[in-house]
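> Got a structure for you, run23.cif, holding mmCIF, C-alpha atoms and all ligand atoms.
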data_protein
loop_
_atom_site.group_PDB
_atom_site.id
_atom_site.type_symbol
_atom_site.label_atom_id
_atom_site.label_comp_id
_atom_site.auth_asym_id
_atom_site.auth_seq_id
_atom_site.Cartn_x
_atom_site.Cartn_y
_atom_site.Cartn_z
ATOM 1 C CA MET A 743 78.770 88.803 125.316
ATOM 2 C CA ALA A 744 79.995 91.115 122.555
ATOM 3 C CA LEU A 745 83.688 91.940 122.616
ATOM 4 C CA THR A 746 84.336 95.657 122.484
ATOM 5 C CA HIS A 747 87.293 98.001 122.093
ATOM 6 C CA THR A 748 88.310 101.483 123.142
ATOM 7 C CA LEU A 749 87.650 103.114 119.738
ATOM 8 C CA ALA A 750 83.999 102.272 120.407
ATOM 9 C CA ASP A 751 84.069 103.987 123.823
ATOM 10 C CA PRO A 752 81.554 106.850 123.419
ATOM 11 C CA ARG A 753 84.023 109.365 124.881
ATOM 12 C CA VAL A 754 86.687 108.400 122.330
ATOM 13 C CA GLU A 755 84.257 108.052 119.445
ATOM 14 C CA SER A 756 82.739 111.474 120.038
ATOM 15 C CA ALA A 757 86.119 113.195 120.514
ATOM 16 C CA ILE A 758 87.379 111.732 117.228
ATOM 17 C CA SER A 759 84.249 112.622 115.261
ATOM 18 C CA ARG A 760 84.115 116.128 116.781
ATOM 19 C CA MET A 761 87.727 116.766 115.737
ATOM 20 C CA PHE A 762 87.303 115.300 112.240
ATOM 21 C CA GLU A 763 84.318 117.608 111.818
ATOM 22 C CA LEU A 764 86.374 120.637 112.873
ATOM 23 C CA ALA A 765 89.182 119.501 110.564
ATOM 24 C CA GLU A 766 86.813 119.942 107.639
ATOM 25 C CA GLN A 767 87.481 123.678 108.079
ATOM 26 C CA ASP A 768 91.232 123.151 107.549
ATOM 27 C CA ASP A 769 91.185 124.500 103.996
ATOM 28 C CA VAL A 770 89.399 127.680 105.102
ATOM 29 C CA ASN A 771 91.769 128.197 108.037
ATOM 30 C CA ALA A 772 94.866 127.334 105.981
ATOM 31 C CA ALA A 773 93.976 130.003 103.437
ATOM 32 C CA HIS A 774 95.070 132.640 105.979
ATOM 33 C CA PHE A 775 98.613 131.335 105.999
ATOM 34 C CA GLY A 776 99.655 131.363 102.360
ATOM 35 C CA PRO A 777 101.718 128.291 101.413
ATOM 36 C CA ASP A 778 100.575 124.895 102.679
ATOM 37 C CA PRO A 779 102.202 124.574 106.131
ATOM 38 C CA ALA A 780 102.912 120.909 105.454
ATOM 39 C CA SER A 781 105.302 121.869 102.666
ATOM 40 C CA VAL A 782 107.741 123.578 105.001
ATOM 41 C CA GLY A 783 110.631 122.721 102.688
ATOM 42 C CA SER A 784 109.589 125.434 100.265
ATOM 43 C CA ALA A 785 108.759 128.059 102.890
ATOM 44 C CA PRO A 786 111.319 130.361 104.490
ATOM 45 C CA ARG A 787 109.765 129.948 107.943
ATOM 46 C CA THR A 788 111.151 127.973 110.862
ATOM 47 C CA PRO A 789 109.341 124.825 112.073
ATOM 48 C CA GLN A 790 108.145 126.782 115.140
ATOM 49 C CA GLU A 791 106.866 129.678 113.031
ATOM 50 C CA LEU A 792 104.979 127.222 110.867
ATOM 51 C CA ALA A 793 103.579 125.451 113.920
ATOM 52 C CA ASP A 794 102.348 128.774 115.303
ATOM 53 C CA ALA A 795 100.870 129.753 111.952
ATOM 54 C CA ALA A 796 99.119 126.366 111.727
ATOM 55 C CA ALA A 797 97.822 126.451 115.312
ATOM 56 C CA ALA A 798 94.200 126.250 114.143
ATOM 57 C CA ILE A 799 94.756 123.590 111.471
ATOM 58 C CA TYR A 800 94.213 119.927 112.300
ATOM 59 C CA MET A 801 95.857 118.202 109.282
ATOM 60 C CA PRO A 802 94.839 114.789 110.647
ATOM 61 C CA ILE A 803 95.533 111.309 109.426
ATOM 62 C CA SER A 804 92.482 109.664 107.874
ATOM 63 C CA ALA A 805 90.052 107.552 109.874
ATOM 64 C CA GLU A 806 91.175 104.529 107.841
ATOM 65 C CA GLY A 807 94.793 105.366 108.655
ATOM 66 C CA GLY A 808 93.851 105.574 112.309
ATOM 67 C CA LYS A 809 92.223 102.151 112.216
ATOM 68 C CA LEU A 810 95.264 100.747 110.435
ATOM 69 C CA LEU A 811 97.488 102.096 113.226
ATOM 70 C CA TYR A 812 95.122 100.681 115.845
ATOM 71 C CA ASN A 813 95.363 97.215 114.308
ATOM 72 C CA LEU A 814 99.150 97.379 113.876
ATOM 73 C CA ILE A 815 99.563 98.295 117.541
ATOM 74 C CA ARG A 816 97.213 95.508 118.648
ATOM 75 C CA ALA A 817 99.321 93.036 116.654
ATOM 76 C CA VAL A 818 102.769 94.352 117.621
ATOM 77 C CA ARG A 819 101.969 95.035 121.304
ATOM 78 C CA PRO A 820 104.662 97.739 121.570
ATOM 79 C CA ALA A 821 106.073 98.810 124.930
ATOM 80 C CA THR A 822 106.662 102.275 123.481
ATOM 81 C CA VAL A 823 104.860 104.059 120.640
ATOM 82 C CA ILE A 824 106.340 107.350 119.443
ATOM 83 C CA GLU A 825 104.459 109.958 117.462
ATOM 84 C CA PHE A 826 106.160 112.821 115.652
ATOM 85 C CA GLY A 827 103.481 115.513 115.184
ATOM 86 C CA MET A 828 100.454 115.285 117.491
ATOM 87 C CA SER A 829 98.470 118.362 116.378
ATOM 88 C CA PHE A 830 95.130 118.229 118.268
ATOM 89 C CA GLY A 831 95.617 114.531 118.952
ATOM 90 C CA ILE A 832 93.296 112.697 116.549
ATOM 91 C CA SER A 833 96.013 110.180 115.622
ATOM 92 C CA THR A 834 97.156 110.036 119.261
ATOM 93 C CA LEU A 835 93.707 108.807 120.297
ATOM 94 C CA TYR A 836 93.932 105.890 117.844
ATOM 95 C CA LEU A 837 97.411 105.021 119.172
ATOM 96 C CA ALA A 838 96.395 105.253 122.825
ATOM 97 C CA ALA A 839 93.141 103.310 122.287
ATOM 98 C CA ALA A 840 95.170 100.383 120.954
ATOM 99 C CA VAL A 841 97.644 100.623 123.825
ATOM 100 C CA ARG A 842 94.706 100.648 126.271
ATOM 101 C CA ASP A 843 93.275 97.497 124.695
ATOM 102 C CA ASN A 844 96.685 95.789 124.730
ATOM 103 C CA GLY A 845 96.805 96.358 128.470
ATOM 104 C CA THR A 846 100.472 97.288 128.209
ATOM 105 C CA GLY A 847 102.602 100.057 126.711
ATOM 106 C CA ARG A 848 102.748 103.850 126.491
ATOM 107 C CA VAL A 849 102.496 106.601 123.885
ATOM 108 C CA LEU A 850 105.039 109.412 123.661
ATOM 109 C CA THR A 851 103.866 112.172 121.363
ATOM 110 C CA THR A 852 105.447 115.444 120.262
ATOM 111 C CA GLU A 853 104.103 118.895 119.447
ATOM 112 C CA MET A 854 105.475 122.428 119.345
ATOM 113 C CA SER A 855 102.231 124.451 119.189
ATOM 114 C CA ARG A 856 101.235 125.482 122.717
ATOM 115 C CA LYS A 857 97.636 126.030 121.682
ATOM 116 C CA LYS A 858 97.346 122.498 120.302
ATOM 117 C CA ILE A 859 99.037 121.005 123.367
ATOM 118 C CA THR A 860 96.558 122.673 125.724
ATOM 119 C CA ALA A 861 93.563 121.495 123.681
ATOM 120 C CA ALA A 862 94.911 117.955 123.260
ATOM 121 C CA ARG A 863 95.637 117.546 126.972
ATOM 122 C CA GLN A 864 91.985 118.388 127.688
ATOM 123 C CA THR A 865 90.813 115.866 125.081
ATOM 124 C CA PHE A 866 93.073 113.140 126.485
ATOM 125 C CA ALA A 867 91.650 113.771 129.963
ATOM 126 C CA ASP A 868 88.064 113.815 128.651
ATOM 127 C CA THR A 869 88.546 110.463 126.910
ATOM 128 C CA GLY A 870 90.227 108.827 129.907
ATOM 129 C CA LEU A 871 93.356 108.028 127.877
ATOM 130 C CA ASP A 872 95.619 110.643 129.478
ATOM 131 C CA ASP A 873 97.334 108.107 131.746
ATOM 132 C CA LEU A 874 98.834 106.416 128.671
ATOM 133 C CA ILE A 875 99.995 109.541 126.827
ATOM 134 C CA THR A 876 103.044 111.683 127.506
ATOM 135 C CA VAL A 877 103.180 114.909 125.523
ATOM 136 C CA LEU A 878 106.737 116.050 124.855
ATOM 137 C CA GLU A 879 106.477 119.801 124.354
ATOM 138 C CA GLY A 880 108.821 121.544 121.935
ATOM 139 C CA ASP A 881 110.842 120.566 118.900
ATOM 140 C CA ALA A 882 110.755 116.782 118.535
ATOM 141 C CA ARG A 883 114.345 116.822 117.295
ATOM 142 C CA GLU A 884 115.268 117.871 120.829
ATOM 143 C CA THR A 885 112.594 116.239 122.998
ATOM 144 C CA LEU A 886 112.993 112.795 121.414
ATOM 145 C CA ALA A 887 116.742 112.791 121.942
ATOM 146 C CA ALA A 888 116.276 111.872 125.618
ATOM 147 C CA VAL A 889 113.825 108.996 125.060
ATOM 148 C CA GLU A 890 114.907 105.553 126.172
ATOM 149 C CA GLY A 891 114.062 102.567 123.991
ATOM 150 C CA PRO A 892 113.316 100.090 122.809
ATOM 151 C CA VAL A 893 110.663 101.526 120.518
ATOM 152 C CA GLU A 894 108.496 99.184 118.487
ATOM 153 C CA LEU A 895 106.158 101.553 116.624
ATOM 154 C CA VAL A 896 106.653 105.077 115.272
ATOM 155 C CA LEU A 897 104.199 107.388 113.511
ATOM 156 C CA LEU A 898 105.909 110.162 111.561
ATOM 157 C CA ASP A 899 103.404 112.952 110.852
ATOM 158 C CA GLY A 900 105.208 116.215 111.687
ATOM 159 C CA TRP A 901 106.614 118.581 109.059
ATOM 160 C CA LYS A 902 107.556 116.341 106.174
ATOM 161 C CA ASP A 903 111.108 117.599 105.690
ATOM 162 C CA LEU A 904 111.857 116.662 109.312
ATOM 163 C CA CYS A 905 110.687 113.042 109.057
ATOM 164 C CA LEU A 906 114.088 111.787 107.938
ATOM 165 C CA PRO A 907 116.073 113.609 110.675
ATOM 166 C CA VAL A 908 113.595 112.335 113.276
ATOM 167 C CA LEU A 909 113.864 108.771 111.970
ATOM 168 C CA ARG A 910 117.676 108.965 112.084
ATOM 169 C CA LEU A 911 117.465 110.261 115.652
ATOM 170 C CA LEU A 912 115.294 107.295 116.672
ATOM 171 C CA GLU A 913 117.169 104.568 114.790
ATOM 172 C CA PRO A 914 119.499 103.655 117.682
ATOM 173 C CA ILE A 915 116.494 102.829 119.891
ATOM 174 C CA LEU A 916 114.344 101.024 117.291
ATOM 175 C CA ARG A 917 113.887 97.366 118.127
ATOM 176 C CA PRO A 918 114.482 94.976 115.171
ATOM 177 C CA GLY A 919 111.030 94.400 113.671
ATOM 178 C CA ALA A 920 109.844 97.876 114.695
ATOM 179 C CA LEU A 921 107.286 99.448 112.369
ATOM 180 C CA VAL A 922 107.733 103.035 111.211
ATOM 181 C CA VAL A 923 104.665 104.597 109.572
ATOM 182 C CA ALA A 924 104.899 107.846 107.609
ATOM 183 C CA ASP A 925 101.731 109.631 106.478
ATOM 184 C CA ASP A 926 101.031 111.505 103.225
ATOM 185 C CA VAL A 927 103.263 109.545 100.842
ATOM 186 C CA ASP A 928 101.198 110.610 97.831
ATOM 187 C CA GLN A 929 101.262 114.332 98.596
ATOM 188 C CA GLY A 930 103.699 115.677 96.029
ATOM 189 C CA GLU A 931 105.510 112.376 95.528
ATOM 190 C CA GLY A 932 108.646 112.954 93.454
ATOM 191 C CA GLU A 933 109.100 116.548 94.507
ATOM 192 C CA GLY A 934 107.435 116.634 97.934
ATOM 193 C CA ALA A 935 109.232 117.273 101.184
ATOM 194 C CA LEU A 936 108.858 113.565 102.092
ATOM 195 C CA ARG A 937 110.999 112.542 99.088
ATOM 196 C CA PRO A 938 114.355 112.311 100.954
ATOM 197 C CA TYR A 939 112.633 110.197 103.627
ATOM 198 C CA LEU A 940 111.127 107.825 101.055
ATOM 199 C CA ASP A 941 114.439 107.541 99.180
ATOM 200 C CA TYR A 942 116.155 106.658 102.449
ATOM 201 C CA VAL A 943 113.775 103.972 103.730
ATOM 202 C CA ARG A 944 113.395 102.446 100.259
ATOM 203 C CA ASP A 945 117.165 102.064 99.811
ATOM 204 C CA PRO A 946 117.841 98.412 100.820
ATOM 205 C CA ALA A 947 121.217 99.483 102.212
ATOM 206 C CA ASN A 948 119.450 101.311 105.040
ATOM 207 C CA GLY A 949 117.766 98.273 106.563
ATOM 208 C CA TYR A 950 114.016 98.564 106.026
ATOM 209 C CA GLN A 951 111.385 96.470 104.271
ATOM 210 C CA ASN A 952 108.690 98.800 102.937
ATOM 211 C CA VAL A 953 105.126 98.759 101.758
ATOM 212 C CA THR A 954 103.083 101.756 100.652
ATOM 213 C CA PHE A 955 99.618 101.299 102.077
ATOM 214 C CA PRO A 956 96.771 102.939 100.113
ATOM 215 C CA VAL A 957 94.866 104.780 102.833
ATOM 216 C CA GLU A 958 93.875 108.297 101.741
ATOM 217 C CA ASP A 959 97.195 110.028 100.888
ATOM 218 C CA GLY A 960 99.155 106.817 101.435
ATOM 219 C CA MET A 961 101.100 105.561 104.417
ATOM 220 C CA GLU A 962 104.611 104.171 104.039
ATOM 221 C CA ILE A 963 105.053 101.283 106.459
ATOM 222 C CA SER A 964 108.681 100.396 107.003
ATOM 223 C CA CYS A 965 109.812 97.423 109.047
ATOM 224 C CA ARG A 966 113.225 97.779 110.735
ATOM 225 C CA LEU A 967 115.261 94.733 109.747
HETATM 226 C C1 LIG B 1001 100.131 116.936 110.083
HETATM 227 S S1 LIG B 1001 100.006 117.603 111.691
HETATM 228 C C2 LIG B 1001 99.822 116.168 112.716
HETATM 229 C C3 LIG B 1001 98.452 115.581 112.663
HETATM 230 C C4 LIG B 1001 98.195 114.517 113.720
HETATM 231 N N1 LIG B 1001 99.166 113.444 113.629
HETATM 232 C C5 LIG B 1001 96.795 113.964 113.570
HETATM 233 O O1 LIG B 1001 96.612 112.972 112.828
HETATM 234 O O2 LIG B 1001 95.870 114.528 114.147
HETATM 235 C C6 LIG B 1001 101.682 118.033 112.017
HETATM 236 C C7 LIG B 1001 101.945 118.596 113.400
HETATM 237 O O3 LIG B 1001 103.329 118.420 113.671
HETATM 238 C C8 LIG B 1001 103.773 119.498 114.460
HETATM 239 N N2 LIG B 1001 105.224 119.579 114.281
HETATM 240 C C9 LIG B 1001 105.873 119.828 113.124
HETATM 241 N N3 LIG B 1001 107.199 119.806 113.304
HETATM 242 C C10 LIG B 1001 107.411 119.550 114.624
HETATM 243 C C11 LIG B 1001 108.565 119.414 115.429
HETATM 244 N N4 LIG B 1001 109.797 119.563 114.902
HETATM 245 N N5 LIG B 1001 108.407 119.108 116.729
HETATM 246 C C12 LIG B 1001 107.166 118.978 117.262
HETATM 247 N N6 LIG B 1001 106.032 119.098 116.550
HETATM 248 C C13 LIG B 1001 106.150 119.377 115.243
HETATM 249 C C14 LIG B 1001 103.016 120.686 113.900
HETATM 250 O O4 LIG B 1001 102.927 121.755 114.830
HETATM 251 C C15 LIG B 1001 101.668 120.078 113.539
HETATM 252 O O5 LIG B 1001 100.713 120.303 114.550
#
The structure given in the file should be rewritten as structure tokens.

Amino acid sequence: MALTHTLADPRVESAISRMFELAEQDDVNAAHFGPDPASVGSAPRTPQELADAAAAIYMPISAEGGKLLYNLIRAVRPATVIEFGMSFGISTLYLAAAVRDNGTGRVLTTEMSRKKITAARQTFADTGLDDLITVLEGDARETLAAVEGPVELVLLDGWKDLCLPVLRLLEPILRPGALVVADDVDQGEGEGALRPYLDYVRDPANGYQNVTFPVEDGMEISCRL
């Protein structure tokens, strides 16, 4: 009998491919909003204003990045996975599929666009993964403050200039050995909004062992020592 996994569930597979297809229109949709919403650091808009302006833009992780996260979660078997920046939930499906196949754990994800939250909730129900996913609505810097640990895996994929504050917020509840994954390392490296985050996790004084993983725009995987 062939072993199978939840990413191969037709409901999950078709939701992911449907959303990746829609995400191909991101460049067209983003053109309406001027500066790239992901580079919030250079824009004079608040995180909420940017989230509202980007309400039609997927900005997903890559499929390879999703499979990497799936495998990491299968190996780590986290009790709690936290995601900063859900968007329409492509990445969340990879996280929840791995949690489903582990048979234990939960996914807490964060989003501040109401439109995206409504659409993602429907997708989670359609794929049968909604029982594993809690959507924390609002600014993650506030909603994550009440989360109880320990946390063993974190995906940081919200506005890049907020990744460091969110990591610092979560540090007290990170279990030693926890993996923190940040997407889009190669987007504007050196001057990009992720720079302060990368400088922080790569400074040995701050207690992480890092590897930059070459999937699409690069994922920084940091192990909490
Ligand atoms: C790059 S997209 C996330 C893509 C998603 N991880 C995926 O792979 O499909 C970033 C998302 O983070 C959300 N976001 C940014 N800052 C946030 C904050 N402070 N709190 C909650 N959500 C935030 C934005 O609204 C946006 O939808």
> Determine the residue set returned by the PyMOL selection byres (((chain A and resi 799) around 7) and not hetatm) for the present structure, and present it as a list of chain:residue names.
A:Ala765, A:Asp768, A:Asn771, A:Ala772, A:Ala796, A:Ala797, A:Ala798, A:Tyr800, A:Met801
> So, with only C-alpha atoms and all ligand atoms as the atoms that count, which of A:Ala947, A:Met743, A:Met828, A:Leu878 lies closest to ligand LIG 1001 (chain B)?
A:Met828
> Ligand LIG 1001 (chain B): which residues are within 8 Å, counting all atoms listed in the file? Reply as a ChimeraX atom specification.
/A:780,789-790,792-794,796-797,799-804,808,825-834,852-855,858,879-883,897-902,904
> From the options A:Leu912, A:Val877, A:Asn952, A:Val943, which residue's atoms come nearest to A:Gln864, counting all atoms listed in the file?
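So, comparing all the options, the nearest one is A:Val877.
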> Give me the result of the PyMOL selection byres (((chain A and resi 960) around 7) and not hetatm) on this file, residue by residue, as a ChimeraX atom specification.
/A:925-928,954-959,961-962
> Would you export the selected residues with C-alpha atoms as an mmCIF file, in the frame of the given file, please?

data_model
loop_
_atom_site.group_PDB
_atom_site.id
_atom_site.type_symbol
_atom_site.label_atom_id
_atom_site.label_comp_id
_atom_site.auth_asym_id
_atom_site.auth_seq_id
_atom_site.Cartn_x
_atom_site.Cartn_y
_atom_site.Cartn_z
ATOM 1 C CA ASP A 925 101.731 109.631 106.478
ATOM 2 C CA ASP A 926 101.031 111.505 103.225
ATOM 3 C CA VAL A 927 103.263 109.545 100.842
ATOM 4 C CA ASP A 928 101.198 110.610 97.831
ATOM 5 C CA THR A 954 103.083 101.756 100.652
ATOM 6 C CA PHE A 955 99.618 101.299 102.077
ATOM 7 C CA PRO A 956 96.771 102.939 100.113
ATOM 8 C CA VAL A 957 94.866 104.780 102.833
ATOM 9 C CA GLU A 958 93.875 108.297 101.741
ATOM 10 C CA ASP A 959 97.195 110.028 100.888
ATOM 11 C CA MET A 961 101.100 105.561 104.417
ATOM 12 C CA GLU A 962 104.611 104.171 104.039
#
